Structures are given as C-alpha cells and as structure tokens.
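Have a look at my_file33.pdb below; it lists PDB, C-alpha atoms and all ligand atoms.
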MODEL        1
ATOM      1  CA  MET T  99     142.044 122.710  52.525
ATOM      2  CA  GLN T 100     140.633 121.660  55.927
ATOM      3  CA  HIS T 101     136.982 120.538  55.909
ATOM      4  CA  LEU T 102     134.770 119.104  58.649
ATOM      5  CA  VAL T 103     132.566 116.501  56.986
ATOM      6  CA  ASP T 104     132.864 114.191  59.990
ATOM      7  CA  THR T 105     135.097 114.038  63.056
ATOM      8  CA  ASN T 106     137.582 111.730  61.296
ATOM      9  CA  ASP T 107     138.657 114.823  59.320
ATOM     10  CA  PHE T 108     140.465 115.810  62.525
ATOM     11  CA  ASN T 109     143.501 113.903  63.757
ATOM     12  CA  ASP T 110     144.089 113.234  67.452
ATOM     13  CA  SER T 111     146.176 116.353  68.018
ATOM     14  CA  GLN T 112     143.522 118.512  66.318
ATOM     15  CA  LEU T 113     140.867 116.983  68.610
ATOM     16  CA  ILE T 114     142.991 117.891  71.632
ATOM     17  CA  GLN T 115     143.504 121.394  70.260
ATOM     18  CA  ILE T 116     139.739 121.889  69.818
ATOM     19  CA  MET T 117     139.013 120.716  73.368
ATOM     20  CA  ASN T 118     141.804 122.912  74.812
ATOM     21  CA  ASP T 119     140.706 125.981  72.846
ATOM     22  CA  ALA T 120     137.033 125.463  73.778
ATOM     23  CA  LYS T 121     138.001 125.206  77.450
ATOM     24  CA  ALA T 122     140.131 128.378  77.201
ATOM     25  CA  PHE T 123     137.310 130.253  75.406
ATOM     26  CA  LYS T 124     134.848 129.200  78.107
ATOM     27  CA  THR T 125     137.169 130.604  80.761
ATOM     28  CA  LYS T 126     137.923 133.853  78.917
ATOM     29  CA  MET T 127     136.529 135.219  75.673
ATOM     30  CA  PRO T 128     139.339 135.555  73.122
ATOM     31  CA  SER T 129     140.093 138.569  70.962
ATOM     32  CA  LYS T 130     138.474 138.893  67.530
ATOM     33  CA  ILE T 131     140.917 136.547  65.827
ATOM     34  CA  LEU T 132     138.631 135.970  62.788
ATOM     35  CA  GLU T 133     137.833 139.639  62.166
ATOM     36  CA  ASP T 134     138.667 139.482  58.444
ATOM     37  CA  LYS T 135     136.780 136.198  57.811
ATOM     38  CA  LEU T 136     133.370 135.646  56.265
ATOM     39  CA  LEU T 137     131.182 132.553  56.537
ATOM     40  CA  ILE T 138     128.040 131.587  54.646
ATOM     41  CA  THR T 139     125.434 129.414  56.378
ATOM     42  CA  LEU T 140     123.193 127.295  54.178
ATOM     43  CA  PHE T 141     120.568 125.319  56.100
ATOM     44  CA  PHE T 142     118.253 123.180  53.962
ATOM     45  CA  GLU T 143     116.700 121.733  57.147
ATOM     46  CA  SER T 144     115.351 123.428  60.277
ATOM     47  CA  SER T 145     117.673 124.258  63.130
ATOM     48  CA  THR T 146     117.459 126.146  66.401
ATOM     49  CA  ARG T 147     120.728 125.272  68.118
ATOM     50  CA  THR T 148     123.294 124.541  65.430
ATOM     51  CA  ARG T 149     122.662 127.485  63.160
ATOM     52  CA  SER T 150     122.478 130.086  65.923
ATOM     53  CA  SER T 151     125.403 128.484  67.765
ATOM     54  CA  PHE T 152     127.612 128.745  64.660
ATOM     55  CA  GLU T 153     126.521 132.342  64.132
ATOM     56  CA  VAL T 154     127.210 133.284  67.757
ATOM     57  CA  ALA T 155     130.567 131.473  67.644
ATOM     58  CA  ALA T 156     131.614 133.237  64.434
ATOM     59  CA  LYS T 157     130.572 136.665  65.753
ATOM     60  CA  ARG T 158     132.305 136.119  69.103
ATOM     61  CA  LEU T 159     135.504 135.680  67.082
ATOM     62  CA  GLY T 160     134.796 138.750  64.945
ATOM     63  CA  ALA T 161     133.847 136.906  61.721
ATOM     64  CA  SER T 162     130.970 138.043  59.524
ATOM     65  CA  VAL T 163     128.134 135.648  58.694
ATOM     66  CA  VAL T 164     125.822 135.687  55.678
ATOM     67  CA  HIS T 165     122.805 133.398  55.845
ATOM     68  CA  LEU T 166     121.184 132.151  52.669
ATOM     69  CA  ASP T 167     117.645 130.940  53.256
ATOM     70  CA  PRO T 168     117.191 128.075  50.754
ATOM     71  CA  SER T 169     113.404 128.572  50.754
ATOM     72  CA  LYS T 170     113.989 132.029  49.254
ATOM     73  CA  SER T 171     116.966 131.105  47.083
ATOM     74  CA  SER T 172     117.156 130.257  43.401
ATOM     75  CA  THR T 173     117.012 126.542  44.211
ATOM     76  CA  ASN T 174     113.266 127.327  44.034
ATOM     77  CA  LYS T 175     113.778 128.268  40.384
ATOM     78  CA  GLY T 176     115.397 124.943  39.602
ATOM     79  CA  GLU T 177     119.038 125.760  40.308
ATOM     80  CA  SER T 178     120.912 122.656  41.455
ATOM     81  CA  LEU T 179     122.562 122.471  44.867
ATOM     82  CA  GLU T 180     125.963 122.212  43.163
ATOM     83  CA  ASP T 181     125.352 125.366  41.126
ATOM     84  CA  THR T 182     124.055 127.222  44.181
ATOM     85  CA  PHE T 183     127.184 126.212  46.071
ATOM     86  CA  GLU T 184     129.561 127.132  43.222
ATOM     87  CA  ASN T 185     127.930 130.578  42.977
ATOM     88  CA  LEU T 186     128.350 131.116  46.712
ATOM     89  CA  ALA T 187     131.955 129.913  46.522
ATOM     90  CA  ALA T 188     132.600 132.413  43.696
ATOM     91  CA  MET T 189     131.980 135.189  46.253
ATOM     92  CA  GLU T 190     135.088 133.881  48.056
ATOM     93  CA  PRO T 191     133.796 133.216  51.577
ATOM     94  CA  ASP T 192     136.223 131.650  54.053
ATOM     95  CA  GLY T 193     133.877 128.704  54.553
ATOM     96  CA  VAL T 194     130.367 127.367  54.011
ATOM     97  CA  ILE T 195     128.413 125.774  56.863
ATOM     98  CA  ILE T 196     125.784 123.439  55.469
ATOM     99  CA  ARG T 197     122.907 121.309  56.763
ATOM    100  CA  HIS T 198     121.220 119.028  54.257
ATOM    101  CA  GLU T 199     118.864 116.073  54.175
ATOM    102  CA  PHE T 200     121.245 113.875  52.125
ATOM    103  CA  ASN T 201     124.060 111.970  53.809
ATOM    104  CA  ASN T 202     126.662 112.672  51.124
ATOM    105  CA  THR T 203     126.031 116.382  50.417
ATOM    106  CA  PRO T 204     128.828 117.844  52.597
ATOM    107  CA  LYS T 205     131.365 115.350  51.178
ATOM    108  CA  LYS T 206     130.290 116.073  47.615
ATOM    109  CA  LEU T 207     130.748 119.815  48.114
ATOM    110  CA  ALA T 208     134.028 119.363  49.999
ATOM    111  CA  ASN T 209     135.392 117.337  47.062
ATOM    112  CA  LYS T 210     135.072 120.438  44.876
ATOM    113  CA  ALA T 211     137.776 122.046  47.067
ATOM    114  CA  LEU T 212     136.387 125.550  46.448
ATOM    115  CA  THR T 213     136.042 126.631  50.096
ATOM    116  CA  PRO T 214     136.141 124.841  53.465
ATOM    117  CA  ILE T 215     132.932 122.920  54.170
ATOM    118  CA  ILE T 216     131.624 122.521  57.697
ATOM    119  CA  ASN T 217     128.927 119.893  58.094
ATOM    120  CA  ALA T 218     126.115 121.148  60.347
ATOM    121  CA  GLY T 219     124.152 117.902  59.982
ATOM    122  CA  ALA T 220     123.605 115.626  56.998
ATOM    123  CA  GLY T 221     120.825 113.033  56.727
ATOM    124  CA  ASN T 222     121.147 110.370  59.396
ATOM    125  CA  ASN T 223     124.879 110.072  58.713
ATOM    126  CA  ALA T 224     126.822 112.826  60.416
ATOM    127  CA  HIS T 225     126.614 115.760  62.807
ATOM    128  CA  PRO T 226     130.262 116.177  63.758
ATOM    129  CA  THR T 227     130.032 119.409  65.753
ATOM    130  CA  GLN T 228     127.381 117.838  68.002
ATOM    131  CA  ALA T 229     129.673 114.844  68.641
ATOM    132  CA  LEU T 230     132.541 117.203  69.495
ATOM    133  CA  LEU T 231     130.469 119.318  71.889
ATOM    134  CA  ASP T 232     129.161 116.140  73.529
ATOM    135  CA  CYS T 233     132.773 114.986  73.926
ATOM    136  CA  PHE T 234     133.652 118.348  75.526
ATOM    137  CA  THR T 235     130.656 118.145  77.889
ATOM    138  CA  MET T 236     131.667 114.643  79.004
ATOM    139  CA  MET T 237     135.308 115.729  79.508
ATOM    140  CA  GLU T 238     134.167 118.674  81.608
ATOM    141  CA  HIS T 239     131.852 116.466  83.670
ATOM    142  CA  PHE T 240     134.504 113.814  84.350
ATOM    143  CA  GLY T 241     137.257 116.411  84.885
ATOM    144  CA  VAL T 242     139.640 115.083  82.231
ATOM    145  CA  ASP T 243     141.999 117.141  80.046
ATOM    146  CA  LYS T 244     142.250 114.960  76.949
ATOM    147  CA  PRO T 245     139.542 113.201  74.898
ATOM    148  CA  GLU T 246     141.302 109.824  75.203
ATOM    149  CA  GLU T 247     140.935 110.013  78.996
ATOM    150  CA  LEU T 248     137.232 109.228  78.468
ATOM    151  CA  LYS T 249     138.365 105.697  77.575
ATOM    152  CA  GLY T 250     136.371 103.031  79.420
ATOM    153  CA  LYS T 251     133.423 105.262  80.282
ATOM    154  CA  LYS T 252     130.124 103.517  79.568
ATOM    155  CA  LEU T 253     127.727 105.494  77.399
ATOM    156  CA  ALA T 254     124.196 104.304  76.623
ATOM    157  CA  ILE T 255     122.581 105.906  73.578
ATOM    158  CA  VAL T 256     118.807 105.630  74.047
ATOM    159  CA  GLY T 257     116.085 106.245  71.500
ATOM    160  CA  ASP T 258     115.722 106.491  67.751
ATOM    161  CA  ILE T 259     119.335 105.641  66.977
ATOM    162  CA  VAL T 260     118.845 104.527  63.372
ATOM    163  CA  SER T 261     117.449 107.954  62.359
ATOM    164  CA  SER T 262     120.013 109.968  64.262
ATOM    165  CA  ARG T 263     123.017 111.717  62.707
ATOM    166  CA  VAL T 264     123.988 112.683  66.260
ATOM    167  CA  ALA T 265     124.238 108.997  67.138
ATOM    168  CA  SER T 266     126.097 108.157  63.899
ATOM    169  CA  SER T 267     128.824 110.765  64.424
ATOM    170  CA  GLY T 268     128.879 110.138  68.167
ATOM    171  CA  ILE T 269     129.346 106.388  67.779
ATOM    172  CA  ARG T 270     132.299 106.919  65.391
ATOM    173  CA  LEU T 271     133.980 109.488  67.660
ATOM    174  CA  PHE T 272     133.297 107.825  70.999
ATOM    175  CA  THR T 273     134.393 104.335  69.925
ATOM    176  CA  ARG T 274     137.557 105.915  68.441
ATOM    177  CA  LEU T 275     138.218 107.410  71.898
ATOM    178  CA  GLY T 276     137.669 104.031  73.591
ATOM    179  CA  LEU T 277     134.318 104.609  75.294
ATOM    180  CA  ASP T 278     132.086 101.563  75.723
ATOM    181  CA  VAL T 279     129.036 102.498  73.685
ATOM    182  CA  ILE T 280     125.801 100.579  74.360
ATOM    183  CA  LEU T 281     122.670 101.016  72.262
ATOM    184  CA  VAL T 282     119.214 100.927  73.849
ATOM    185  CA  ALA T 283     116.188 101.063  71.570
ATOM    186  CA  PRO T 284     113.191  99.147  70.284
ATOM    187  CA  LYS T 285     114.150  96.973  67.303
ATOM    188  CA  PRO T 286     112.859  99.361  64.582
ATOM    189  CA  PHE T 287     115.035 102.165  66.035
ATOM    190  CA  MET T 288     118.176 100.033  66.205
ATOM    191  CA  PRO T 289     120.916 100.385  63.552
ATOM    192  CA  ASN T 290     122.751  97.403  62.131
ATOM    193  CA  ASN T 291     126.188  97.356  63.758
ATOM    194  CA  ASP T 292     128.375  95.380  66.154
ATOM    195  CA  LEU T 293     127.784  97.416  69.309
ATOM    196  CA  PRO T 294     126.000  95.826  72.302
ATOM    197  CA  GLN T 295     122.254  96.251  71.806
ATOM    198  CA  TYR T 296     119.469  96.176  74.392
ATOM    199  CA  GLU T 297     115.739  96.744  74.190
ATOM    200  CA  ASP T 298     115.292  97.402  77.907
ATOM    201  CA  LEU T 299     117.079 100.301  79.607
ATOM    202  CA  ASN T 300     116.710  98.552  82.977
ATOM    203  CA  ASP T 301     119.166  95.890  81.754
ATOM    204  CA  VAL T 302     122.027  98.428  81.503
ATOM    205  CA  ILE T 303     121.210 101.342  83.789
ATOM    206  CA  GLU T 304     123.249  99.957  86.699
ATOM    207  CA  LYS T 305     126.466  99.998  84.692
ATOM    208  CA  VAL T 306     126.376 103.227  82.650
ATOM    209  CA  ASP T 307     128.193 106.497  83.350
ATOM    210  CA  VAL T 308     126.361 108.515  80.689
ATOM    211  CA  ILE T 309     122.938 108.328  79.037
ATOM    212  CA  MET T 310     122.481 110.132  75.738
ATOM    213  CA  SER T 311     118.763 110.338  75.083
ATOM    214  CA  LEU T 312     117.645 110.993  71.503
ATOM    215  CA  ARG T 313     114.449 112.380  70.068
ATOM    216  CA  ALA T 314     111.963 109.743  68.928
ATOM    217  CA  GLN T 315     111.705 110.747  65.268
ATOM    218  CA  LEU T 316     108.492 108.868  64.560
ATOM    219  CA  GLU T 317     107.946 111.037  61.460
ATOM    220  CA  ARG T 318     111.069 109.556  59.801
ATOM    221  CA  HIS T 319     109.690 106.015  59.860
ATOM    222  CA  LYS T 320     107.512 104.867  56.984
ATOM    223  CA  ALA T 321     105.339 102.439  58.962
ATOM    224  CA  PRO T 322     103.900 103.416  62.353
ATOM    225  CA  ILE T 323     106.041 101.855  65.061
ATOM    226  CA  PHE T 324     104.080 102.849  68.134
ATOM    227  CA  GLU T 325     100.417 103.681  68.500
ATOM    228  CA  ASP T 326     101.474 106.985  69.977
ATOM    229  CA  TYR T 327     104.375 108.710  71.717
ATOM    230  CA  ASN T 328     103.090 107.693  75.150
ATOM    231  CA  GLU T 329     103.589 104.023  74.327
ATOM    232  CA  TYR T 330     107.214 104.816  73.441
ATOM    233  CA  ALA T 331     107.654 107.029  76.528
ATOM    234  CA  ASN T 332     106.428 104.266  78.853
ATOM    235  CA  LYS T 333     109.542 102.268  77.991
ATOM    236  CA  TYR T 334     112.193 104.857  77.068
ATOM    237  CA  CYS T 335     111.466 108.207  78.717
ATOM    238  CA  ILE T 336     114.340 109.086  81.067
ATOM    239  CA  ASN T 337     112.515 109.896  84.283
ATOM    240  CA  LYS T 338     113.320 110.009  87.973
ATOM    241  CA  GLU T 339     111.904 106.553  88.530
ATOM    242  CA  ARG T 340     114.348 105.041  86.013
ATOM    243  CA  MET T 341     117.359 107.146  87.067
ATOM    244  CA  GLY T 342     116.886 106.719  90.848
ATOM    245  CA  ASN T 343     119.823 108.258  92.728
ATOM    246  CA  ARG T 344     122.442 106.981  90.294
ATOM    247  CA  GLU T 345     125.248 109.380  89.373
ATOM    248  CA  ILE T 346     124.616 109.277  85.632
ATOM    249  CA  LEU T 347     125.349 112.195  83.312
ATOM    250  CA  LEU T 348     122.270 112.844  81.184
ATOM    251  CA  LEU T 349     122.718 114.322  77.702
ATOM    252  CA  HIS T 350     120.354 115.123  74.836
ATOM    253  CA  PRO T 351     121.242 116.988  71.615
ATOM    254  CA  GLY T 352     117.831 118.693  71.382
ATOM    255  CA  PRO T 353     115.166 119.340  70.472
ATOM    256  CA  VAL T 354     113.864 117.477  73.521
ATOM    257  CA  MET T 355     110.360 116.103  73.429
ATOM    258  CA  ARG T 356     109.403 116.700  77.037
ATOM    259  CA  ASN T 357     107.981 113.704  78.894
ATOM    260  CA  ILE T 358     108.646 111.497  75.866
ATOM    261  CA  ASP T 359     112.467 111.572  75.665
ATOM    262  CA  ILE T 360     113.119 113.045  79.139
ATOM    263  CA  SER T 361     110.662 113.970  81.907
ATOM    264  CA  ASP T 362     110.186 117.594  83.023
ATOM    265  CA  GLU T 363     111.534 116.597  86.411
ATOM    266  CA  MET T 364     114.744 115.086  85.015
ATOM    267  CA  LEU T 365     115.341 118.125  82.786
ATOM    268  CA  GLU T 366     115.457 120.204  86.002
ATOM    269  CA  ASP T 367     117.713 117.677  87.748
ATOM    270  CA  LYS T 368     121.383 118.632  88.150
ATOM    271  CA  ARG T 369     122.427 115.429  86.370
ATOM    272  CA  SER T 370     120.866 116.768  83.168
ATOM    273  CA  LYS T 371     123.346 118.862  81.136
ATOM    274  CA  VAL T 372     121.108 119.586  78.158
ATOM    275  CA  LEU T 373     121.490 123.370  78.323
ATOM    276  CA  GLU T 374     125.156 123.065  79.274
ATOM    277  CA  GLN T 375     125.615 121.142  75.985
ATOM    278  CA  VAL T 376     124.109 124.113  74.156
ATOM    279  CA  LYS T 377     126.378 126.551  76.006
ATOM    280  CA  ASN T 378     129.434 124.375  75.310
ATOM    281  CA  GLY T 379     128.425 124.157  71.647
ATOM    282  CA  VAL T 380     129.341 127.810  71.138
ATOM    283  CA  PHE T 381     132.850 127.370  72.600
ATOM    284  CA  VAL T 382     133.472 124.152  70.688
ATOM    285  CA  ARG T 383     132.306 125.739  67.410
ATOM    286  CA  MET T 384     134.529 128.753  68.108
ATOM    287  CA  ALA T 385     137.445 126.334  68.472
ATOM    288  CA  ILE T 386     136.465 124.550  65.246
ATOM    289  CA  LEU T 387     136.221 127.829  63.305
ATOM    290  CA  LYS T 388     139.598 128.892  64.673
ATOM    291  CA  LEU T 389     141.158 125.607  63.556
ATOM    292  CA  ILE T 390     139.645 125.683  60.088
ATOM    293  CA  LEU T 391     139.849 129.406  59.277
ATOM    294  CA  ASP T 392     142.824 130.735  61.222
ATOM    295  CA  ASN T 393     145.688 128.807  59.688
TER     296      ASN T 393
HETATM  297  N1  LIG W   1     121.243 119.493  68.141
HETATM  298  C1  LIG W   1     120.789 120.040  66.981
HETATM  299  O1  LIG W   1     121.303 119.741  65.885
HETATM  300  O2  LIG W   1     119.754 120.923  67.131
HETATM  301  P1  LIG W   1     119.122 121.772  65.935
HETATM  302  O3  LIG W   1     118.462 120.809  64.979
HETATM  303  O4  LIG W   1     118.161 122.711  66.579
HETATM  304  O5  LIG W   1     120.258 122.498  65.245
ENDMDL
END
What's the structure tokens form of this structure?
Ligand code: CP
Amino acid sequence: MQHLVDTNDFNDSQLIQIMNDAKAFKTKMPSKILEDKLLITLFFESSTRTRSSFEVAAKRLGASVVHLDPSKSSTNKGESLEDTFENLAAMEPDGVIIRHEFNNTPKKLANKALTPIINAGAGNNAHPTQALLDCFTMMEHFGVDKPEELKGKKLAIVGDIVSSRVASSGIRLFTRLGLDVILVAPKPFMPNNDLPQYEDLNDVIEKVDVIMSLRAQLERHKAPIFEDYNEYANKYCINKERMGNREILLLHPGPVMRNIDISDEMLEDKRSKVLEQVKNGVFVRMAILKLILDN
C-alpha cells in the first residue's frame, strides 16, 4: 500500500513521474482518471491552501471528496484519533488525507495499513506535498526536466525554521536532490542540524539562487523571542532593499505575514512566485493522487 508520510516514501523514479505528470496536467487538464475513487480529508489544524488544493486536485481528476470536520466529529465525545480513523477506514475510502498537530500521527495511521495515508502537514516534522510543489516550482523556474537537475542550486531558508514542517520536509528533499541548503534565522528559530547557519541574511544574499521565506510563528514559542513582529521584520523581512536587482527566486509556503515575512512590494515583484506555488500545488497534488490511487 503506497502512503505519503514524507517524500522519502517516493523513490527517485516516482519523484520524476510526479514532476512529469504535474507538468503535463498544467499544460492540459487530463480526463477524469479517478472517477471511481473517494477520498476523506481530516484536518485537525487550520488550512487554506492545502485542504482546498487537495479537494480541487481530486475533483479535477473526477474523485469524490468527503470532509470530516474534527470540531464537529465524535472526537469531541472522547473518541480517540485511532478509533475515528478506523471507523473512517471501515467505509472503504481510497485514501485519507490528514493534517495533525503531532509529528508521528500520519506514520501511526499508515502503519495500520487500512487505507493509503497522505500527510497534509504534521507538527513541525513533515509537509511532503509542500516540499514537492516547491521542487516543481523551482524546476519550472530554472527550466529543468528532472528534480536532480536542481543539484548545486543554492537555497536559503529564512525565518522560523525550527517550527516549520515545510522546512523539515524541504530540507530532507532538497538535500537528497543535491541542493545547497543554507539556513538563515535568529538563534531561537534555528534547528539543530549540520547545515550552514547564518543569523544575517546579508551574509548570504550574494550567493543564493532561491530564498524560501517562512512565517514567523511567534505563537509556537514558549518564551517571547522578539518584543514584537516589527523587531523581527527589521532583520528578516524580504524587501526590495535587501533583494536589490538580484535574480533570486522568492518562495513562501503561505500564509504570508505581509511586511513581516515579505514586503507588499516584493509580493508584487515578478521574482516572487508565491501564488504560482499555490497554482502548482494543485497540479502536483493531482500527480500525487494519480500515483497513489491509480495503480
Ligand atoms: N502552505 C500551507 O500548508 O498552507 P495552509 O496551512 O493554508 O494549508
């Protein structure tokens, strides 16, 4: 049974297949190849992009989608997550798409082998479909046909990296593909790993091809780190002054905190591909659903 708990569930040829299919879907909408399939979405945390993107992707391919709102489910009556999941699996869907606050929830449910699990974001550990759509957006920008052709590109991840499941999945996928990943953050936002780490974006901006800005998730930190968001923005907001005329691809997974993560002006700049990432997310998720459900 094929799951997507993190991107390492896909081998290299599956990664290529996803990128090829997403590119083909973006060029021409496919036929309803998943017409007889049914997915259940189960989001225990808020989502604008991922949930609607999965739903659009599934419907574009003809699949049906049932959404269970956990706030109105029997988890409120004390039912455990495992029991909720087993009851949903008993209805024989073709897959369950789950977002949850705990890092290990998707893996735990996948281990039951009742139905394919697709991780739509878990804790600060993994958000594999975001990493894959970011990979696709970079490939499109650099005009390459295979993920491994991104090898050697320099990517700076900027912001609250330690809290970010986007960064966690991205770092695993992008280092696997051979990108040079550089982390830029104040110390409390920096994870403990072997990647090059900088506190000042000015120290790396001359040498990067891509900046991935992340939301400052001040609410996730127990002790206050900055007096306010403006103090953070003074050092880390991606604005025109910092970017200059450099040809740097600017990414952000959303939600963007305007003028804290990225300035209004830079969001309008052609180097910013934030909405293109969202558009690409549908095609990449279509390709993922095809791979997992249409076998
Ligand atoms: N990028 C992302 O995961 O956005 P949502 O939280 O809105 O799904």
Hey, can you check how far CA of Glu143 in chain T sits from CA of Thr182 in chain T?
15.9 Å
Result set of the PyMOL selection byres (((chain T and resi 140) around 7) and not hetatm) on the coordinates above, as a PyMOL selection string
chain T and resi 138-139+141-142+165-168+195-197
Write the residues of the selection above to a file with C-alpha atoms, as a PDB file, keeping the file's coordinate frame.
ATOM      1  CA  ILE T 138     128.040 131.587  54.646  1.00  0.00           C
ATOM      2  CA  THR T 139     125.434 129.414  56.378  1.00  0.00           C
ATOM      3  CA  PHE T 141     120.568 125.319  56.100  1.00  0.00           C
ATOM      4  CA  PHE T 142     118.253 123.180  53.962  1.00  0.00           C
ATOM      5  CA  HIS T 165     122.805 133.398  55.845  1.00  0.00           C
ATOM      6  CA  LEU T 166     121.184 132.151  52.669  1.00  0.00           C
ATOM      7  CA  ASP T 167     117.645 130.940  53.256  1.00  0.00           C
ATOM      8  CA  PRO T 168     117.191 128.075  50.754  1.00  0.00           C
ATOM      9  CA  ILE T 195     128.413 125.774  56.863  1.00  0.00           C
ATOM     10  CA  ILE T 196     125.784 123.439  55.469  1.00  0.00           C
ATOM     11  CA  ARG T 197     122.907 121.309  56.763  1.00  0.00           C
TER      12      ARG T 197
END
Site check for ligand LIG 1 (chain W): residues at most 9 Å away, all atoms listed in the file, as a PyMOL selection string:
chain T and resi 143-151+197+218-219+225+227-228+263-264+350-353+376
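Straight-line separation from CA of Glu247 in chain T to CA of Leu277 in chain T: 9.3 Å.
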Going by the chain IDs and residue numbers used in this file, which residues fall under the PyMOL selection byres (((chain T and resi 278-293) around 9) and not hetatm)? Write them as a VMD selection string.
chain T and resid 249 to 261 269 272 to 273 276 to 277 294 to 299 302 306 314 319 323 330 334
Among T:Phe152, T:Phe108, T:Phe381, T:Phe240, Val194 in chain T is approached most closely, using all atoms listed in the file, by T:Phe152
With all atoms of range 120-123 of chain T from the file as input, state the centre and edge lengths in Å to one decimal of the axis-aligned box that has 5 Å extra on each side, as lines of an AutoDock Vina configuration file.
center_x = 138.6
center_y = 127.7
center_z = 75.6
size_x = 13.1
size_y = 15.0
size_z = 13.7
Distance criterion (only C-alpha atoms): nearest to Ile116 in chain T out of T:Leu248, T:Leu137, T:Cys233, T:Met310
T:Cys233
Just write range 364-380 of chain T with N, CA, C and O atoms, as a PDB file, in the first residue's frame, taken from the block above.
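Generated file (result.pdb):
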ATOM      1  N   MET T 364       7.586  43.435  -2.562  1.00  0.00           N
ATOM      2  CA  MET T 364       8.227  42.211  -3.082  1.00  0.00           C
ATOM      3  C   MET T 364       7.192  41.159  -3.470  1.00  0.00           C
ATOM      4  O   MET T 364       7.430  40.354  -4.365  1.00  0.00           O
ATOM      5  N   LEU T 365       6.037  41.153  -2.795  1.00  0.00           N
ATOM      6  CA  LEU T 365       4.996  40.184  -3.180  1.00  0.00           C
ATOM      7  C   LEU T 365       4.464  40.486  -4.581  1.00  0.00           C
ATOM      8  O   LEU T 365       4.007  39.589  -5.280  1.00  0.00           O
ATOM      9  N   GLU T 366       4.544  41.762  -4.987  1.00  0.00           N
ATOM     10  CA  GLU T 366       4.098  42.153  -6.342  1.00  0.00           C
ATOM     11  C   GLU T 366       5.203  41.954  -7.379  1.00  0.00           C
ATOM     12  O   GLU T 366       4.942  41.976  -8.570  1.00  0.00           O
ATOM     13  N   ASP T 367       6.422  41.794  -6.918  1.00  0.00           N
ATOM     14  CA  ASP T 367       7.588  41.707  -7.808  1.00  0.00           C
ATOM     15  C   ASP T 367       7.552  40.389  -8.584  1.00  0.00           C
ATOM     16  O   ASP T 367       7.108  39.364  -8.073  1.00  0.00           O
ATOM     17  N   LYS T 368       8.035  40.407  -9.830  1.00  0.00           N
ATOM     18  CA  LYS T 368       7.954  39.192 -10.651  1.00  0.00           C
ATOM     19  C   LYS T 368       8.855  38.062 -10.121  1.00  0.00           C
ATOM     20  O   LYS T 368       8.685  36.910 -10.483  1.00  0.00           O
ATOM     21  N   ARG T 369       9.797  38.398  -9.267  1.00  0.00           N
ATOM     22  CA  ARG T 369      10.647  37.343  -8.688  1.00  0.00           C
ATOM     23  C   ARG T 369       9.902  36.531  -7.632  1.00  0.00           C
ATOM     24  O   ARG T 369      10.323  35.448  -7.252  1.00  0.00           O
ATOM     25  N   SER T 370       8.798  37.060  -7.136  1.00  0.00           N
ATOM     26  CA  SER T 370       8.014  36.346  -6.127  1.00  0.00           C
ATOM     27  C   SER T 370       7.052  35.388  -6.818  1.00  0.00           C
ATOM     28  O   SER T 370       6.253  35.779  -7.666  1.00  0.00           O
ATOM     29  N   LYS T 371       7.117  34.101  -6.444  1.00  0.00           N
ATOM     30  CA  LYS T 371       6.269  33.071  -7.072  1.00  0.00           C
ATOM     31  C   LYS T 371       5.295  32.468  -6.065  1.00  0.00           C
ATOM     32  O   LYS T 371       4.935  31.295  -6.152  1.00  0.00           O
ATOM     33  N   VAL T 372       4.881  33.279  -5.099  1.00  0.00           N
ATOM     34  CA  VAL T 372       4.055  32.752  -4.006  1.00  0.00           C
ATOM     35  C   VAL T 372       2.726  32.200  -4.530  1.00  0.00           C
ATOM     36  O   VAL T 372       2.314  31.092  -4.172  1.00  0.00           O
ATOM     37  N   LEU T 373       2.068  32.950  -5.416  1.00  0.00           N
ATOM     38  CA  LEU T 373       0.791  32.443  -5.941  1.00  0.00           C
ATOM     39  C   LEU T 373       1.008  31.364  -6.999  1.00  0.00           C
ATOM     40  O   LEU T 373       0.155  30.480  -7.173  1.00  0.00           O
ATOM     41  N   GLU T 374       2.145  31.417  -7.673  1.00  0.00           N
ATOM     42  CA  GLU T 374       2.460  30.337  -8.629  1.00  0.00           C
ATOM     43  C   GLU T 374       2.659  29.013  -7.876  1.00  0.00           C
ATOM     44  O   GLU T 374       2.282  27.948  -8.364  1.00  0.00           O
ATOM     45  N   GLN T 375       3.244  29.093  -6.660  1.00  0.00           N
ATOM     46  CA  GLN T 375       3.370  27.885  -5.821  1.00  0.00           C
ATOM     47  C   GLN T 375       1.989  27.293  -5.542  1.00  0.00           C
ATOM     48  O   GLN T 375       1.797  26.088  -5.588  1.00  0.00           O
ATOM     49  N   VAL T 376       1.036  28.174  -5.232  1.00  0.00           N
ATOM     50  CA  VAL T 376      -0.319  27.697  -4.927  1.00  0.00           C
ATOM     51  C   VAL T 376      -0.934  27.049  -6.166  1.00  0.00           C
ATOM     52  O   VAL T 376      -1.524  25.965  -6.092  1.00  0.00           O
ATOM     53  N   LYS T 377      -0.769  27.706  -7.316  1.00  0.00           N
ATOM     54  CA  LYS T 377      -1.293  27.138  -8.567  1.00  0.00           C
ATOM     55  C   LYS T 377      -0.639  25.776  -8.831  1.00  0.00           C
ATOM     56  O   LYS T 377      -1.322  24.789  -9.124  1.00  0.00           O
ATOM     57  N   ASN T 378       0.681  25.715  -8.717  1.00  0.00           N
ATOM     58  CA  ASN T 378       1.399  24.464  -8.971  1.00  0.00           C
ATOM     59  C   ASN T 378       0.987  23.376  -7.986  1.00  0.00           C
ATOM     60  O   ASN T 378       1.033  22.183  -8.314  1.00  0.00           O
ATOM     61  N   GLY T 379       0.598  23.782  -6.783  1.00  0.00           N
ATOM     62  CA  GLY T 379       0.209  22.804  -5.760  1.00  0.00           C
ATOM     63  C   GLY T 379      -0.918  21.911  -6.232  1.00  0.00           C
ATOM     64  O   GLY T 379      -0.942  20.709  -5.937  1.00  0.00           O
ATOM     65  N   VAL T 380      -1.854  22.471  -6.987  1.00  0.00           N
ATOM     66  CA  VAL T 380      -2.974  21.654  -7.491  1.00  0.00           C
ATOM     67  C   VAL T 380      -2.444  20.582  -8.454  1.00  0.00           C
ATOM     68  O   VAL T 380      -2.792  19.396  -8.334  1.00  0.00           O
TER      69      VAL T 380
END
